[in-house]
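J.: The structure follows.
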Amino acid sequence: MTTPAGSSQATKDVPSQASAAVLVQSAPIPDDAVSVQGPNFDEPLGLQELLASYERIGFQATSFGKAIDIVNKMRKWRLSDEPISPDESPELTDPETRANTRCTVLLGYTSNLISSGLREVILHLVKYKHVSAIVTTAGGIEEDFIKCLGKTYLGDFTLDGADLRKKGMNRIGNLVVPNDNYCAFEDWVTPILDKMLAEQPERLKEGGEGPWSPSEVIKRLGKEINNEESVYYWAYKNNIPVFCPALTDGSLGDMIFFHSYRNPGLIIDIVRDIRSLNALAMTAKKAGMIILGGGVCKHQVANAMLMRNGADYSVYINTGQEFDGSDSGARPDEAVSWGKIRAGAESVKVYADATLVFPLLVAATFARDREGRKAEP
């Protein structure tokens with residue numbers, strides 16, 4: 001006797017095909033698997049405890065947690081952590097020298113980040129010697145000095161461009177810079193370029209220092225600004241080189257352009273800087289890179305790491321996507337294929353606006369080094 005369709009017995013017979021598809025049995029969970037868990041706000045939670053909880057939240061929070069771990073490894077590494085290799089140079093066998101040999105950290109960032117309040121975060125890193133060198137763009141240089149001469153203001157992404165142009169206001173995202181600031185920059189920088197040109201003949205004599213390199217131009221400007229609010233003042237004070245492969249691509253380039261008509265002859269040699277930057281990477285016993293944004297600064301830092309067969313530690317923070325093949329959007333694994341990050345090295349890309357996460361990253365890493373090196377007045 002058959003069971004009528006729609007009867008209670010028919011509804012109890014789950015189709016085996018559907019059941020097998022939905023109720024697939026899981027493989028055993030590995031012993032070292034980490035479960036997802038967010039912060040518990042029922043308990044007192046300080047900043048460091050909150051940041052430590054990111055690693056188990058998932059998605060970009062987990063990438064951010066990994067970035068904290070990688071930067072802390074850069075920060076804490078010493079040559080004394082490694083065994084002495086058979087071919088080690090004699091001076092690097094001394095225990096004290098090994099204990100004082102740190103990871104070479106190259107910091108790269110785009111110009112808009114100096115325009116933003118990240119300037120003060122970057123200043124902290126330079127002031128307390130947490131980075132070995134900087135690579136940025138022309139805007140990343142000039143905006144620091146311009147902020148010593150006039151304020152940048154909060155605005156809005158939707159401000160009308162034509163109206164701003166009439167008012168002599170320049171928009172950078174939701175920031176606004178009065179054009180008078182750039183006029184003040186011209187008044188300040190032009191006499192310095194004049195002095196550098198006047199000093200050039202002595203530099204070009206046999207045995208002299210040679211033409212100015214972009215990093216020497218930046219160091220000179222850092223000295224001349226003589227202002228503790230400037231990133232590059234502290235770079236000058238702490239002898240931290242600042243490389244800018246695209247020095248003419250910004251207001252500073254405009255000033256150099258104008259100067260070439262008013263007082264021609266200034267020579268700036270980019271070859272000297274590529275030698276210096278690559279040598280810094282090549283001689284590093286351990287090397288890490290922290291890159292905020294993309295473009296010139298990202299590629300120039302990574303390419304320097306190629307000269308040593310790749311970085312040991314890498315943290316990218318940007319919003320770029322890789323579907324268009326851009327270097328800006330490329331993930332760390334693409335750099336591995338080029339030899340810019342070592343195979344097996346620790347690396348992460350955090351897909352985020354750097355203004356959101358970089359202050360938190362510094363708070364969880366470099367800023368905790370209270371007993372570290374102090375800035376000299």
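Quick note on naming: the chains in the structure tokens go A, B, ... in the order shown, residues restart at 1 in each chain, and ligands are numbered from 1 in order of appearance.
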Contacts of Gly161 in chain A at 12 Å or less, counting only C-alpha atoms, minus same-chain residues fewer than 6 places along, as a list of chain:residue names?
T.: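 Those residues are A:Lys167, A:Gly168, A:Met169, A:Asn170, A:Arg171, A:Ile172, A:Gly173, A:Asn174, A:Val176.
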J.: Pull C-alpha atoms from the residues just selected and write them as a PDB file, in the first residue's frame.
T.:
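Output file again20.pdb follows:
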```pdb
ATOM      1  CA  LYS A 167      38.802  81.968  -3.586  1.00  0.00           C
ATOM      2  CA  GLY A 168      42.392  80.762  -3.930  1.00  0.00           C
ATOM      3  CA  MET A 169      41.743  77.629  -1.903  1.00  0.00           C
ATOM      4  CA  ASN A 170      43.200  74.230  -2.807  1.00  0.00           C
ATOM      5  CA  ARG A 171      41.390  71.027  -1.837  1.00  0.00           C
ATOM      6  CA  ILE A 172      43.167  67.811  -0.831  1.00  0.00           C
ATOM      7  CA  GLY A 173      40.299  65.367  -0.238  1.00  0.00           C
ATOM      8  CA  ASN A 174      38.438  66.944   2.666  1.00  0.00           C
ATOM      9  CA  VAL A 176      41.741  72.834   2.342  1.00  0.00           C
TER      10      VAL A 176
END
```
J.: Please identify the strand (DSSP E) residues within range 97-341 of chain A (assignment by DSSP from backbone atoms) and present them as a short mmCIF file (atom, residue, chain, number, x, y, z; two decimals) with C-alpha atoms, in the first residue's frame.
T.:
```
data_model
loop_
_atom_site.label_atom_id
_atom_site.label_comp_id
_atom_site.auth_asym_id
_atom_site.auth_seq_id
_atom_site.Cartn_x
_atom_site.Cartn_y
_atom_site.Cartn_z
CA THR A 104 66.82 48.70 8.98
CA VAL A 105 63.29 50.10 8.62
CA LEU A 106 62.34 51.96 5.45
CA LEU A 107 59.17 54.04 5.70
CA GLY A 108 57.36 55.09 2.52
CA TYR A 109 54.27 57.29 2.27
CA ALA A 133 65.15 56.21 6.08
CA ILE A 134 62.10 57.70 4.38
CA VAL A 135 60.90 57.60 0.78
CA THR A 136 58.12 59.97 -0.26
CA TYR A 153 42.18 73.25 7.41
CA LEU A 154 39.43 70.65 7.53
CA MET A 169 41.74 77.63 -1.90
CA ASN A 170 43.20 74.23 -2.81
CA ARG A 171 41.39 71.03 -1.84
CA ILE A 172 43.17 67.81 -0.83
CA LEU A 175 41.33 69.25 3.56
CA VAL A 176 41.74 72.83 2.34
CA VAL A 177 45.03 74.70 1.91
CA PRO A 178 44.97 78.48 1.25
CA VAL A 242 64.82 61.30 3.11
CA PHE A 243 64.66 60.15 -0.51
CA ALA A 287 65.36 44.89 6.66
CA GLY A 288 61.73 45.86 6.94
CA MET A 289 59.45 48.15 5.01
CA ILE A 290 56.31 49.98 6.06
CA ILE A 291 54.53 51.53 3.09
CA LEU A 292 51.50 53.79 3.35
CA ALA A 311 62.75 42.47 2.63
CA ASP A 312 62.49 40.34 5.77
CA TYR A 313 59.41 42.17 7.07
CA SER A 314 56.79 44.04 5.05
CA VAL A 315 53.62 45.94 5.93
CA TYR A 316 51.50 47.59 3.25
CA ILE A 317 48.56 49.84 4.14
CA ASN A 318 46.53 51.07 1.19
CA ILE A 341 60.16 40.41 -0.46
#
```
J.: Please, what distance in Å, to one decimal, runs between CA of Asp333 in chain A and CA of Gly65 in chain A?
T.: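 Distance reported for this atom pair: 18.7 Å.
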J.: Would you mind reading off the distance between CA of Asp87 in chain A and CA of Thr283 in chain A, one decimal, in Å?
T.: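 Between CA of Asp87 in chain A and CA of Thr283 in chain A the gap works out to 14.7 Å.
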J.: Please identify the alpha helix (DSSP H) residues within range 74-199 of chain A (assignment by DSSP from backbone atoms) and present them as a PyMOL selection string.
T.: chain A and resi 74-76+95-100+111-115+118-127+138-149+161-166+179-199
J.: Can I get the residues of range 122-152 of chain A within 9 Å of range 355-370 of chain A, each with the closest pair of atoms and their distance in Å to one decimal, using only C-alpha atoms, sorted chain first then ascending number, as a Markdown table?
T.:
```
| residue | atom | partner | partner_atom | distance |
| --- | --- | --- | --- | --- |
| A:His124 | CA | A:Ala367 | CA | 8.2 |
| A:Leu125 | CA | A:Phe366 | CA | 7.4 |
| A:His130 | CA | A:Phe366 | CA | 6.9 |
```
J.: Can you check which parts of range 261-376 of chain A lie within 12 Å of range 187-192 of chain A? Per residue, the shortest pair of atoms and distance in Å to one decimal, counting only C-alpha atoms, sorted by chain and number, as a Markdown table.
T.:
```
| residue | atom | partner | partner_atom | distance |
| --- | --- | --- | --- | --- |
| A:Tyr261 | CA | A:Thr190 | CA | 11.9 |
| A:Arg262 | CA | A:Thr190 | CA | 9.8 |
| A:Asn263 | CA | A:Thr190 | CA | 9.7 |
| A:Leu266 | CA | A:Ile192 | CA | 11.5 |
```
